[in-house]
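upload03.pdb (PDB, C-alpha atoms)
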```pdb
MODEL        1
ATOM      1  CA  MET A 133    -130.809 -17.683  60.630
ATOM      2  CA  SER A 134    -133.170 -15.001  59.424
ATOM      3  CA  ALA A 135    -133.289 -13.879  55.831
ATOM      4  CA  PRO A 136    -131.890 -10.490  54.992
ATOM      5  CA  SER A 137    -134.538  -7.811  54.972
ATOM      6  CA  LEU A 138    -135.328  -6.162  51.636
ATOM      7  CA  THR A 139    -136.690  -3.080  53.341
ATOM      8  CA  PRO A 140    -133.982  -0.526  54.215
ATOM      9  CA  SER A 141    -133.709   0.185  57.837
ATOM     10  CA  LYS A 142    -134.191   3.592  59.337
ATOM     11  CA  THR A 143    -130.503   3.914  59.911
ATOM     12  CA  ASP A 144    -129.667   3.077  56.309
ATOM     13  CA  SER A 145    -132.290   5.446  54.950
ATOM     14  CA  THR A 146    -130.719   8.363  56.746
ATOM     15  CA  ARG A 147    -127.268   7.616  55.373
ATOM     16  CA  ARG A 148    -126.073  10.090  52.660
ATOM     17  CA  PRO A 149    -123.122   9.850  50.193
ATOM     18  CA  THR A 150    -119.977  11.425  51.479
ATOM     19  CA  LEU A 151    -119.055  14.627  49.565
ATOM     20  CA  PRO A 152    -115.505  15.925  49.234
ATOM     21  CA  ARG A 153    -114.670  18.477  51.841
ATOM     22  CA  GLN A 154    -114.466  21.947  50.390
ATOM     23  CA  ALA A 155    -111.614  24.247  51.175
ATOM     24  CA  GLY A 156    -112.503  26.410  54.083
ATOM     25  CA  PRO A 157    -111.414  29.922  54.905
ATOM     26  CA  PRO A 158    -107.959  28.840  56.216
ATOM     27  CA  ALA A 159    -107.092  27.144  52.883
ATOM     28  CA  ARG A 160    -108.171  30.210  50.894
ATOM     29  CA  ARG A 161    -106.153  32.397  53.208
ATOM     30  CA  ASP A 162    -103.041  30.257  52.669
ATOM     31  CA  GLN A 163    -103.421  30.504  48.896
ATOM     32  CA  PHE A 164    -103.869  34.265  49.141
ATOM     33  CA  VAL A 165    -100.751  34.600  51.313
ATOM     34  CA  LYS A 166     -98.673  32.504  48.895
ATOM     35  CA  SER A 167     -99.872  34.539  45.914
ATOM     36  CA  LEU A 168     -99.175  37.769  47.782
ATOM     37  CA  ARG A 169     -95.653  36.663  48.699
ATOM     38  CA  ARG A 170     -94.952  35.607  45.122
ATOM     39  CA  ASN A 171     -96.185  38.934  43.741
ATOM     40  CA  LEU A 172     -94.344  40.889  46.407
ATOM     41  CA  THR A 173     -91.090  39.180  45.435
ATOM     42  CA  ALA A 174     -91.617  39.972  41.755
ATOM     43  CA  HIS A 175     -92.638  43.555  42.488
ATOM     44  CA  GLY A 176     -89.693  43.895  44.860
ATOM     45  CA  PHE A 177     -87.237  43.093  42.079
ATOM     46  CA  LEU A 178     -89.129  45.410  39.731
ATOM     47  CA  ILE A 179     -89.111  48.255  42.260
ATOM     48  CA  GLY A 180     -85.363  47.793  42.787
ATOM     49  CA  ALA A 181     -84.688  48.065  39.064
ATOM     50  CA  VAL A 182     -86.932  51.114  38.751
ATOM     51  CA  LEU A 183     -85.181  52.788  41.692
ATOM     52  CA  CYS A 184     -81.773  52.130  40.125
ATOM     53  CA  PHE A 185     -82.918  53.671  36.842
ATOM     54  CA  ALA A 186     -84.496  56.593  38.669
ATOM     55  CA  VAL A 187     -81.411  57.368  40.757
ATOM     56  CA  PHE A 188     -78.679  56.730  38.207
ATOM     57  CA  SER A 189     -80.388  57.536  34.880
ATOM     58  CA  TRP A 190     -83.579  59.568  35.130
ATOM     59  CA  TYR A 191     -82.556  61.905  37.958
ATOM     60  CA  PRO A 192     -79.244  62.896  36.267
ATOM     61  CA  MET A 193     -81.131  63.610  33.044
ATOM     62  CA  ILE A 194     -83.660  65.822  34.834
ATOM     63  CA  ARG A 195     -80.876  67.478  36.819
ATOM     64  CA  GLU A 196     -78.932  68.126  33.620
ATOM     65  CA  PHE A 197     -81.975  69.736  32.035
ATOM     66  CA  VAL A 198     -82.363  72.052  35.050
ATOM     67  CA  LEU A 199     -78.639  72.913  35.212
ATOM     68  CA  ALA A 200     -78.643  73.857  31.526
ATOM     69  CA  PHE A 201     -80.680  76.950  32.401
ATOM     70  CA  GLN A 202     -78.932  77.801  35.673
ATOM     71  CA  LYS A 203     -75.671  79.355  36.782
ATOM     72  CA  THR A 204     -73.943  78.876  40.118
ATOM     73  CA  GLU A 205     -71.581  81.505  41.502
ATOM     74  CA  SER A 206     -70.246  81.600  45.072
ATOM     75  CA  GLY A 207     -72.757  78.978  46.095
ATOM     76  CA  HIS A 208     -75.704  80.994  44.766
ATOM     77  CA  THR A 209     -77.778  79.493  41.943
ATOM     78  CA  SER A 210     -79.774  81.663  39.576
ATOM     79  CA  TRP A 211     -81.762  81.142  36.388
ATOM     80  CA  VAL A 212     -80.009  82.494  33.303
ATOM     81  CA  GLY A 213     -82.263  81.188  30.539
ATOM     82  CA  LEU A 214     -80.395  80.565  27.298
ATOM     83  CA  ASP A 215     -77.131  82.210  28.397
ATOM     84  CA  ASN A 216     -75.389  78.835  28.797
ATOM     85  CA  LEU A 217     -76.341  77.833  25.264
ATOM     86  CA  THR A 218     -75.028  81.184  24.001
ATOM     87  CA  THR A 219     -71.731  80.589  25.826
ATOM     88  CA  VAL A 220     -71.399  77.150  24.253
ATOM     89  CA  PHE A 221     -72.215  78.345  20.733
ATOM     90  CA  ASN A 222     -69.700  81.194  20.960
ATOM     91  CA  ASP A 223     -66.861  78.882  22.018
ATOM     92  CA  PRO A 224     -64.499  78.169  19.062
ATOM     93  CA  ALA A 225     -63.878  74.687  20.458
ATOM     94  CA  PHE A 226     -67.599  73.892  20.117
ATOM     95  CA  TRP A 227     -67.585  73.493  16.340
ATOM     96  CA  GLN A 228     -64.196  71.773  16.328
ATOM     97  CA  ALA A 229     -65.485  69.240  18.866
ATOM     98  CA  TRP A 230     -68.503  68.461  16.686
ATOM     99  CA  ARG A 231     -66.316  68.068  13.590
ATOM    100  CA  ASN A 232     -63.971  65.732  15.438
ATOM    101  CA  THR A 233     -66.882  63.725  16.823
ATOM    102  CA  ALA A 234     -68.417  63.408  13.350
ATOM    103  CA  LEU A 235     -65.040  62.323  11.929
ATOM    104  CA  PHE A 236     -64.612  59.749  14.677
ATOM    105  CA  THR A 237     -68.142  58.436  14.027
ATOM    106  CA  VAL A 238     -67.532  58.047  10.289
ATOM    107  CA  LEU A 239     -64.167  56.316  10.767
ATOM    108  CA  ALA A 240     -65.597  54.106  13.508
ATOM    109  CA  LEU A 241     -68.440  53.040  11.227
ATOM    110  CA  LEU A 242     -65.999  52.175   8.447
ATOM    111  CA  LEU A 243     -63.841  50.114  10.803
ATOM    112  CA  GLY A 244     -65.765  49.341  13.977
ATOM    113  CA  PHE A 245     -68.972  48.388  12.167
ATOM    114  CA  ALA A 246     -67.509  46.432   9.252
ATOM    115  CA  VAL A 247     -64.565  44.665  10.902
ATOM    116  CA  PRO A 248     -66.607  42.789  13.569
ATOM    117  CA  PHE A 249     -69.030  41.584  10.890
ATOM    118  CA  VAL A 250     -66.175  40.258   8.749
ATOM    119  CA  VAL A 251     -64.585  38.616  11.807
ATOM    120  CA  ALA A 252     -67.900  36.940  12.641
ATOM    121  CA  ILE A 253     -68.205  35.587   9.075
ATOM    122  CA  VAL A 254     -64.676  34.163   9.259
ATOM    123  CA  ILE A 255     -65.291  32.515  12.648
ATOM    124  CA  ASN A 256     -68.581  31.067  11.402
ATOM    125  CA  GLU A 257     -66.718  29.241   8.613
ATOM    126  CA  PHE A 258     -64.671  27.264  11.156
ATOM    127  CA  HIS A 259     -66.335  24.028  12.198
ATOM    128  CA  HIS A 260     -63.840  23.293  14.959
ATOM    129  CA  GLY A 261     -62.400  25.512  17.662
ATOM    130  CA  GLN A 262     -65.116  28.156  17.524
ATOM    131  CA  ALA A 263     -65.178  28.423  21.315
ATOM    132  CA  TYR A 264     -61.470  29.342  21.435
ATOM    133  CA  LEU A 265     -61.894  31.835  18.594
ATOM    134  CA  ARG A 266     -64.831  33.482  20.383
ATOM    135  CA  LEU A 267     -62.741  33.773  23.528
ATOM    136  CA  LEU A 268     -59.838  35.215  21.553
ATOM    137  CA  VAL A 269     -62.064  37.824  19.900
ATOM    138  CA  TYR A 270     -63.776  38.799  23.157
ATOM    139  CA  LEU A 271     -60.558  38.964  25.182
ATOM    140  CA  PRO A 272     -59.857  42.692  24.455
ATOM    141  CA  VAL A 273     -63.275  43.589  25.885
ATOM    142  CA  MET A 274     -62.379  41.876  29.168
ATOM    143  CA  LEU A 275     -59.134  43.814  29.487
ATOM    144  CA  PRO A 276     -59.256  47.039  31.528
ATOM    145  CA  PRO A 277     -59.296  50.088  29.216
ATOM    146  CA  VAL A 278     -56.147  51.457  30.848
ATOM    147  CA  ALA A 279     -54.236  48.261  30.053
ATOM    148  CA  SER A 280     -55.402  48.363  26.434
ATOM    149  CA  VAL A 281     -54.424  52.027  26.147
ATOM    150  CA  LEU A 282     -50.953  51.321  27.542
ATOM    151  CA  LEU A 283     -50.581  48.587  24.928
ATOM    152  CA  PHE A 284     -51.463  50.957  22.100
ATOM    153  CA  LYS A 285     -49.265  53.689  23.502
ATOM    154  CA  TYR A 286     -46.390  51.233  23.206
ATOM    155  CA  LEU A 287     -47.443  50.369  19.649
ATOM    156  CA  TYR A 288     -47.728  54.048  18.665
ATOM    157  CA  ASP A 289     -44.551  55.280  20.346
ATOM    158  CA  PRO A 290     -42.494  57.207  17.739
ATOM    159  CA  GLY A 291     -39.183  55.920  19.095
ATOM    160  CA  TYR A 292     -39.435  52.250  20.041
ATOM    161  CA  GLY A 293     -43.048  51.531  19.064
ATOM    162  CA  LEU A 294     -43.822  48.274  17.311
ATOM    163  CA  LEU A 295     -45.603  49.948  14.385
ATOM    164  CA  ASN A 296     -42.615  52.114  13.512
ATOM    165  CA  GLU A 297     -40.357  49.082  13.891
ATOM    166  CA  VAL A 298     -42.474  47.332  11.256
ATOM    167  CA  PHE A 299     -42.319  50.419   9.043
ATOM    168  CA  ARG A 300     -38.531  50.548   9.358
ATOM    169  CA  PHE A 301     -38.328  46.862   8.455
ATOM    170  CA  LEU A 302     -40.436  47.512   5.349
ATOM    171  CA  HIS A 303     -38.355  50.619   4.514
ATOM    172  CA  LEU A 304     -41.383  52.882   4.937
ATOM    173  CA  PRO A 305     -41.316  56.344   6.520
ATOM    174  CA  GLU A 306     -41.969  56.372  10.252
ATOM    175  CA  GLN A 307     -45.088  58.093  11.537
ATOM    176  CA  GLN A 308     -45.973  60.237  14.539
ATOM    177  CA  TRP A 309     -49.166  58.359  15.267
ATOM    178  CA  LEU A 310     -50.462  60.321  18.255
ATOM    179  CA  GLN A 311     -48.431  63.496  17.727
ATOM    180  CA  ASP A 312     -49.581  64.207  14.159
ATOM    181  CA  SER A 313     -52.910  66.022  13.911
ATOM    182  CA  ASP A 314     -53.670  64.194  10.646
ATOM    183  CA  LEU A 315     -53.119  60.718  12.120
ATOM    184  CA  SER A 316     -54.171  61.097  15.758
ATOM    185  CA  MET A 317     -57.891  60.545  15.203
ATOM    186  CA  LEU A 318     -57.318  57.519  12.964
ATOM    187  CA  SER A 319     -54.990  56.072  15.607
ATOM    188  CA  VAL A 320     -57.666  56.535  18.261
ATOM    189  CA  VAL A 321     -60.270  54.860  16.042
ATOM    190  CA  ILE A 322     -58.025  51.827  15.458
ATOM    191  CA  ALA A 323     -57.462  51.433  19.195
ATOM    192  CA  ALA A 324     -61.168  51.854  19.974
ATOM    193  CA  THR A 325     -62.118  49.292  17.312
ATOM    194  CA  TRP A 326     -59.750  46.690  18.752
ATOM    195  CA  MET A 327     -60.916  47.374  22.307
ATOM    196  CA  ASN A 328     -64.664  47.158  21.627
ATOM    197  CA  MET A 329     -65.274  44.892  18.647
ATOM    198  CA  GLY A 330     -65.553  41.633  20.639
ATOM    199  CA  GLY A 331     -69.134  42.120  21.778
ATOM    200  CA  ALA A 332     -70.361  43.130  18.323
ATOM    201  CA  ALA A 333     -68.561  40.187  16.697
ATOM    202  CA  LEU A 334     -70.273  37.698  19.039
ATOM    203  CA  ILE A 335     -73.694  39.245  18.358
ATOM    204  CA  TYR A 336     -73.098  38.987  14.620
ATOM    205  CA  LEU A 337     -71.882  35.403  15.032
ATOM    206  CA  ALA A 338     -75.073  34.438  16.885
ATOM    207  CA  ALA A 339     -77.145  35.973  14.075
ATOM    208  CA  LEU A 340     -75.128  34.134  11.413
ATOM    209  CA  GLN A 341     -75.598  30.782  13.121
ATOM    210  CA  GLY A 342     -79.357  31.285  12.984
ATOM    211  CA  ILE A 343     -79.421  31.429   9.173
ATOM    212  CA  PRO A 344     -80.765  28.174   7.655
ATOM    213  CA  GLY A 345     -78.119  26.257   5.741
ATOM    214  CA  GLU A 346     -80.584  25.509   2.960
ATOM    215  CA  LEU A 347     -80.350  29.103   1.792
ATOM    216  CA  TYR A 348     -76.594  28.793   1.227
ATOM    217  CA  GLU A 349     -77.072  25.444  -0.503
ATOM    218  CA  ALA A 350     -79.638  26.969  -2.854
ATOM    219  CA  ALA A 351     -77.276  29.863  -3.580
ATOM    220  CA  GLU A 352     -74.458  27.426  -4.368
ATOM    221  CA  LEU A 353     -76.728  25.535  -6.746
ATOM    222  CA  ASP A 354     -77.380  28.831  -8.520
ATOM    223  CA  GLY A 355     -73.626  29.283  -8.924
ATOM    224  CA  ALA A 356     -73.202  32.047  -6.330
ATOM    225  CA  GLY A 357     -69.709  32.668  -5.006
ATOM    226  CA  LEU A 358     -68.684  33.812  -1.545
ATOM    227  CA  LEU A 359     -69.346  37.515  -2.078
ATOM    228  CA  ARG A 360     -72.709  36.898  -3.754
ATOM    229  CA  LYS A 361     -73.788  34.598  -0.909
ATOM    230  CA  ILE A 362     -72.858  37.281   1.618
ATOM    231  CA  TRP A 363     -74.700  39.979  -0.343
ATOM    232  CA  HIS A 364     -77.846  37.998  -1.206
ATOM    233  CA  VAL A 365     -78.151  35.671   1.810
ATOM    234  CA  THR A 366     -76.106  36.771   4.809
ATOM    235  CA  ILE A 367     -76.870  40.496   4.816
ATOM    236  CA  PRO A 368     -80.646  40.166   4.143
ATOM    237  CA  GLN A 369     -80.987  37.499   6.838
ATOM    238  CA  THR A 370     -79.145  39.629   9.421
ATOM    239  CA  ARG A 371     -80.651  42.969   8.390
ATOM    240  CA  LEU A 372     -82.462  43.497  11.690
ATOM    241  CA  ILE A 373     -79.322  42.889  13.768
ATOM    242  CA  LEU A 374     -77.240  45.051  11.435
ATOM    243  CA  SER A 375     -79.729  47.909  11.741
ATOM    244  CA  LEU A 376     -79.819  47.687  15.526
ATOM    245  CA  MET A 377     -76.032  47.522  15.791
ATOM    246  CA  LEU A 378     -75.683  50.476  13.415
ATOM    247  CA  LEU A 379     -77.893  52.590  15.662
ATOM    248  CA  MET A 380     -76.031  51.512  18.805
ATOM    249  CA  GLN A 381     -72.681  52.126  17.110
ATOM    250  CA  ILE A 382     -73.593  55.681  16.158
ATOM    251  CA  ILE A 383     -74.902  56.472  19.645
ATOM    252  CA  ALA A 384     -71.777  55.013  21.270
ATOM    253  CA  THR A 385     -69.291  56.736  18.962
ATOM    254  CA  MET A 386     -70.976  60.104  19.381
ATOM    255  CA  GLN A 387     -70.266  59.787  23.112
ATOM    256  CA  VAL A 388     -66.631  58.712  22.813
ATOM    257  CA  PHE A 389     -64.431  59.879  25.678
ATOM    258  CA  VAL A 390     -62.230  57.171  27.177
ATOM    259  CA  GLU A 391     -59.991  56.409  24.199
ATOM    260  CA  PRO A 392     -58.991  59.988  23.218
ATOM    261  CA  PHE A 393     -58.720  61.010  26.863
ATOM    262  CA  LEU A 394     -56.297  58.203  27.714
ATOM    263  CA  LEU A 395     -54.360  58.127  24.443
ATOM    264  CA  THR A 396     -53.921  61.818  23.642
ATOM    265  CA  GLY A 397     -54.899  63.523  26.890
ATOM    266  CA  GLY A 398     -58.268  64.452  25.441
ATOM    267  CA  ALA A 399     -57.516  67.402  23.167
ATOM    268  CA  GLY A 400     -54.694  65.881  21.131
ATOM    269  CA  PRO A 401     -52.334  67.832  18.855
ATOM    270  CA  GLU A 402     -53.974  71.094  17.763
ATOM    271  CA  GLY A 403     -57.248  69.910  19.283
ATOM    272  CA  SER A 404     -57.551  67.146  16.713
ATOM    273  CA  THR A 405     -59.101  64.639  19.155
ATOM    274  CA  THR A 406     -61.324  67.003  21.154
ATOM    275  CA  THR A 407     -64.782  65.437  21.180
ATOM    276  CA  VAL A 408     -68.104  66.750  22.440
ATOM    277  CA  VAL A 409     -68.017  64.652  25.605
ATOM    278  CA  TYR A 410     -64.456  65.752  26.341
ATOM    279  CA  LEU A 411     -65.556  69.374  25.929
ATOM    280  CA  ILE A 412     -68.339  68.683  28.442
ATOM    281  CA  TYR A 413     -65.678  67.319  30.782
ATOM    282  CA  GLN A 414     -63.604  70.470  30.329
ATOM    283  CA  TYR A 415     -66.524  72.783  31.040
ATOM    284  CA  ALA A 416     -67.455  70.885  34.205
ATOM    285  CA  PHE A 417     -64.113  69.979  35.793
ATOM    286  CA  ASN A 418     -61.580  72.383  34.275
ATOM    287  CA  PHE A 419     -63.662  75.563  33.957
ATOM    288  CA  ASN A 420     -66.158  74.827  36.786
ATOM    289  CA  ASN A 421     -68.963  75.907  34.464
ATOM    290  CA  TYR A 422     -71.546  73.222  35.137
ATOM    291  CA  GLY A 423     -74.267  75.190  33.362
ATOM    292  CA  ALA A 424     -72.372  75.215  30.061
ATOM    293  CA  ALA A 425     -71.504  71.522  30.508
ATOM    294  CA  ALA A 426     -75.176  70.681  31.095
ATOM    295  CA  ALA A 427     -76.229  72.790  28.097
ATOM    296  CA  LEU A 428     -73.793  70.989  25.798
ATOM    297  CA  GLY A 429     -74.890  67.629  27.180
ATOM    298  CA  LEU A 430     -78.506  68.590  26.553
ATOM    299  CA  LEU A 431     -77.679  69.424  22.927
ATOM    300  CA  LEU A 432     -76.032  66.023  22.506
ATOM    301  CA  LEU A 433     -79.042  64.313  24.114
ATOM    302  CA  VAL A 434     -81.498  66.092  21.814
ATOM    303  CA  LEU A 435     -79.412  65.257  18.739
ATOM    304  CA  LEU A 436     -79.135  61.547  19.595
ATOM    305  CA  ALA A 437     -82.816  61.326  20.568
ATOM    306  CA  GLY A 438     -83.841  62.975  17.292
ATOM    307  CA  PHE A 439     -81.584  60.678  15.303
ATOM    308  CA  SER A 440     -82.928  57.590  17.105
ATOM    309  CA  GLY A 441     -86.529  58.660  16.511
ATOM    310  CA  ALA A 442     -85.947  59.357  12.824
ATOM    311  CA  TYR A 443     -84.085  56.066  12.432
ATOM    312  CA  ALA A 444     -86.918  54.135  14.102
ATOM    313  CA  LYS A 445     -89.510  55.829  11.895
ATOM    314  CA  LEU A 446     -87.577  55.077   8.719
ATOM    315  CA  SER A 447     -87.062  51.463   9.788
ATOM    316  CA  ARG A 448     -90.781  51.069  10.502
ATOM    317  CA  ALA A 449     -91.684  52.548   7.136
ATOM    318  CA  ASP A 450     -89.204  50.218   5.427
ATOM    319  CA  ASP A 451     -90.711  47.178   7.145
ATOM    320  CA  GLU A 452     -94.202  48.158   6.059
TER     321      GLU A 452
ENDMDL
END
```

What is this file in structure tokens?
Amino acid sequence: MSAPSLTPSKTDSTRRPTLPRQAGPPARRDQFVKSLRRNLTAHGFLIGAVLCFAVFSWYPMIREFVLAFQKTESGHTSWVGLDNLTTVFNDPAFWQAWRNTALFTVLALLLGFAVPFVVAIVINEFHHGQAYLRLLVYLPVMLPPVASVLLFKYLYDPGYGLLNEVFRFLHLPEQQWLQDSDLSMLSVVIAATWMNMGGAALIYLAALQGIPGELYEAAELDGAGLLRKIWHVTIPQTRLILSLMLLMQIIATMQVFVEPFLLTGGAGPEGSTTTVVYLIYQYAFNFNNYGAAAALGLLLLVLLAGFSGAYAKLSRADDE
């Protein structure tokens, strides 16, 4: 048996360490295709959302702006400049509609903004059964508006309505809730508050549950009662949500239409529930004056946009 040679053979000297195989063009192509498909899917969803906004939001706004300066007669459209705005301003119902809308907004803020916040505070104090209480509060939102309106029409009926039955039981004078021009708007606000407060109450409840409990414990150690804890802890900690909901509440109430239209037929006794959006509806579908309807809608859009911009600027300045 021969001893192993210490000199490497020619075959061994030519042997090189094996290097990992690098990805070739097919592997890079596969990665590119996967990335492209993933981006195409994301951009596809984005394009769909943009198209929906363009068709159902942006195009109607642009079309409204164009119609505000046009007039259509016998199928012929012509530019009339500011004539539609002049027609709207000279309508006696114009100023009444704005007064009614402002009144509805103020009453809705007193009830529809405060009541959901109080309801959320009450629900937050319950440690058991919160899920059932949330469902109970949100149930009116899930009901169709027509069903809710029929319920309140039964409650407000001057003959057999439940509210007048309660008043008779308490020996109080009966009221013409929807037939009295002094009570019709308040009746509409009460119905609208009950129909729409569920969503706001749940948003407030989520904000309340995010407040650290240590803040309430520190307030209790300082001798603070319930009202002082709400004023010094709850409201400051939910200020951002309250500000956002206030803005959304004002924008929504300025565009109220469904509740007065279904409860009082839109105008109400002596025009007491005629709102700006209902007047737009009248111009468009009762008077066939789409130019005046677009002009009034443009005024409402400019007012709400200006209010939103001023509100955002003031909020930014307050934060700084």

Applied to the shown file, which residues does the PyMOL selection byres ((chain A and resi 419-428) around 8) return, written as number ranges by chain? A: 196-197, 199-204, 216-217, 219-220, 408, 411-418, 429-432

Compare A:Val321, A:Met329, A:Val409, A:Leu372 by their minimum atom-to-atom distance to Phe389 in chain A, counting only C-alpha atoms, and give me the closest one.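 Under the stated criterion, the closest residue is A:Val409.
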
Show me the residues close to (-79.1, 62.2, 17.9) - anything with an atom within 12 Å, counting only C-alpha atoms - and format the list as a count of residues only. 26

Hits from the PyMOL selection byres ((chain A and resi 228) around 9), listed as a VMD selection string: chain A and resid 224 to 227 229 to 233 403 to 404 406 to 408

A:His259, A:Gly244, A:Gly397, A:Trp309 ranked by distance to Asn296 in chain A, top pick (using only C-alpha atoms):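 That would be A:Trp309, the residue with the smallest distance to Asn296 in chain A.
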
For a test of reading the model, state the distance in Å between CA of Gln262 in chain A and CA of Leu242 in chain A, rounded to one decimal.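 Atom-to-atom, CA of Gln262 in chain A to CA of Leu242 in chain A, that is 25.7 Å.
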
With distances taken over all atoms listed in the file, which residue among A:Ala333, A:Val298, A:Val388, A:Met317 lies nearest Val269 in chain A?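 When distances to Val269 in chain A are compared using all atoms listed in the file, the smallest one comes from A:Ala333.
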
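In terms of minimum interatomic distance to Leu239 in chain A, A:Thr325 ranks closest within A:Ala338, A:Ile343, A:Thr325, A:Ile253, counting all atoms listed in the file.
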
Gly400 in chain A environment, 10 Å, all atoms listed in the file, sequence neighbours closer than 4 positions dropped, as an mmCIF file with C-alpha atoms, keeping the file's coordinate frame:
```
data_model
loop_
_atom_site.group_PDB
_atom_site.id
_atom_site.type_symbol
_atom_site.label_atom_id
_atom_site.label_comp_id
_atom_site.auth_asym_id
_atom_site.auth_seq_id
_atom_site.Cartn_x
_atom_site.Cartn_y
_atom_site.Cartn_z
ATOM 1 C CA LEU A 310 -50.462 60.321 18.255
ATOM 2 C CA GLN A 311 -48.431 63.496 17.727
ATOM 3 C CA ASP A 312 -49.581 64.207 14.159
ATOM 4 C CA SER A 313 -52.910 66.022 13.911
ATOM 5 C CA SER A 316 -54.171 61.097 15.758
ATOM 6 C CA MET A 317 -57.891 60.545 15.203
ATOM 7 C CA PRO A 392 -58.991 59.988 23.218
ATOM 8 C CA PHE A 393 -58.720 61.010 26.863
ATOM 9 C CA LEU A 395 -54.360 58.127 24.443
ATOM 10 C CA THR A 396 -53.921 61.818 23.642
ATOM 11 C CA SER A 404 -57.551 67.146 16.713
ATOM 12 C CA THR A 405 -59.101 64.639 19.155
ATOM 13 C CA THR A 406 -61.324 67.003 21.154
#
```
